[in-house]
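Engineer: Handing you a structure now.
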Amino acid sequence: MDYRKSNAPTNTVTRNVMDLCDETGNIYESVAIISKRANQISAQIKDDLNKKLAEFASYNDSLDEVFENREQIEISRYYEKLPKPSLLATQEFIEGGTYWRDPSKDQLQQTQEDY
């Protein structure tokens, strides 16, 4: 999912708990899936931001001079306005764009097929 093209809200939205547990059957499992996806999205956003800001890095030995780059400020503001990773992950989960699997259930099905 491209977080830049997401239609996730930028503010907190009240969600129906029953809608979140439709796919998994368990609200706690759904929240765990959403939180893991939010961590992945957060790491991706952080990497993208660091790559873009690294282009403007100035390796001067002088600590007295601080250069304010207008493009750097605009990039930072753009990333500040993006929805939070938890909101992006929740929207993705509700839209059915999140893939997950439970290894314990997969193992249980495998042992049942062996009998």
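The chains in the structure tokens are called A, B, ... from first to last as shown; in each chain the residues are counted from 1, and the ligands are counted from 1 in the order shown.
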Would you kindly return, as a PyMOL selection string, each protein, DNA or RNA residue with an atom no farther than 12 Å from any atom of A:Ile94, considering only C-alpha atoms and excluding same-chain residues fewer than 4 positions away?

Structural biologist: chain A and resi 7-8+15-24+30-31+33-34+87-90+98-99

Engineer: What does the distance between atom CA of A:Thr10 and atom CA of A:Arg77 come to in Å, to one decimal place?

Structural biologist: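 Atom-to-atom, atom CA of A:Thr10 and atom CA of A:Arg77 are spaced 13.9 Å apart.
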
Engineer: So which residues of stretch 13-64 of chain A fall under helix (DSSP H, G or I) by DSSP, listed as an MDAnalysis selection string?

Structural biologist: chainID A and resid 17:20 27:54

Engineer: Rounded to one decimal in Å, what is the spacing between atom CA of A:Glu74 and atom CA of A:Val13?

Structural biologist: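 Pair atom CA of A:Glu74 / atom CA of A:Val13 returns 26.9 Å.
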
Engineer: Atom CA of A:Arg37 to atom CA of A:Lys51: how many Å, to one decimal?

Structural biologist: 21.2 Å

Engineer: Do you know which residues are at most 12 Å from A:Ile73 counting only C-alpha atoms, after dropping those on the same chain fewer than 4 positions away, and could you put them as a VMD selection string?

Structural biologist: chain A and resid 49 52 to 53 56 67 to 69 77 to 80

Engineer: Restricting the output to N, CA and C atoms, write the selected residues as an mmCIF file, in the first residue's frame.

Structural biologist:
data_model
loop_
_atom_site.group_PDB
_atom_site.id
_atom_site.type_symbol
_atom_site.label_atom_id
_atom_site.label_comp_id
_atom_site.auth_asym_id
_atom_site.auth_seq_id
_atom_site.Cartn_x
_atom_site.Cartn_y
_atom_site.Cartn_z
ATOM 1 N N LEU A 49 11.698 9.301 4.622
ATOM 2 C CA LEU A 49 12.033 10.653 5.081
ATOM 3 C C LEU A 49 13.540 10.814 5.232
ATOM 4 N N LYS A 52 15.199 11.194 1.827
ATOM 5 C CA LYS A 52 14.986 12.513 1.218
ATOM 6 C C LYS A 52 15.779 13.594 1.932
ATOM 7 N N LEU A 53 15.868 13.509 3.250
ATOM 8 C CA LEU A 53 16.609 14.523 3.995
ATOM 9 C C LEU A 53 18.115 14.337 3.851
ATOM 10 N N PHE A 56 19.960 16.549 1.400
ATOM 11 C CA PHE A 56 20.256 17.927 1.788
ATOM 12 C C PHE A 56 21.301 18.020 2.889
ATOM 13 N N PHE A 67 22.192 25.930 8.304
ATOM 14 C CA PHE A 67 21.563 26.269 7.044
ATOM 15 C C PHE A 67 20.119 25.792 7.049
ATOM 16 N N GLU A 68 19.215 26.685 6.759
ATOM 17 C CA GLU A 68 17.812 26.326 6.633
ATOM 18 C C GLU A 68 17.496 26.221 5.153
ATOM 19 N N ASN A 69 17.212 25.048 4.749
ATOM 20 C CA ASN A 69 16.895 24.795 3.361
ATOM 21 C C ASN A 69 15.378 24.753 3.223
ATOM 22 N N ARG A 77 7.389 19.215 6.504
ATOM 23 C CA ARG A 77 5.981 19.574 6.711
ATOM 24 C C ARG A 77 5.045 18.585 6.026
ATOM 25 N N TYR A 78 5.428 18.133 4.835
ATOM 26 C CA TYR A 78 4.610 17.154 4.116
ATOM 27 C C TYR A 78 4.472 15.869 4.941
ATOM 28 N N TYR A 79 5.581 15.396 5.490
ATOM 29 C CA TYR A 79 5.526 14.169 6.278
ATOM 30 C C TYR A 79 4.794 14.366 7.602
ATOM 31 N N GLU A 80 4.821 15.564 8.141
ATOM 32 C CA GLU A 80 4.072 15.845 9.370
ATOM 33 C C GLU A 80 2.570 15.820 9.128
#
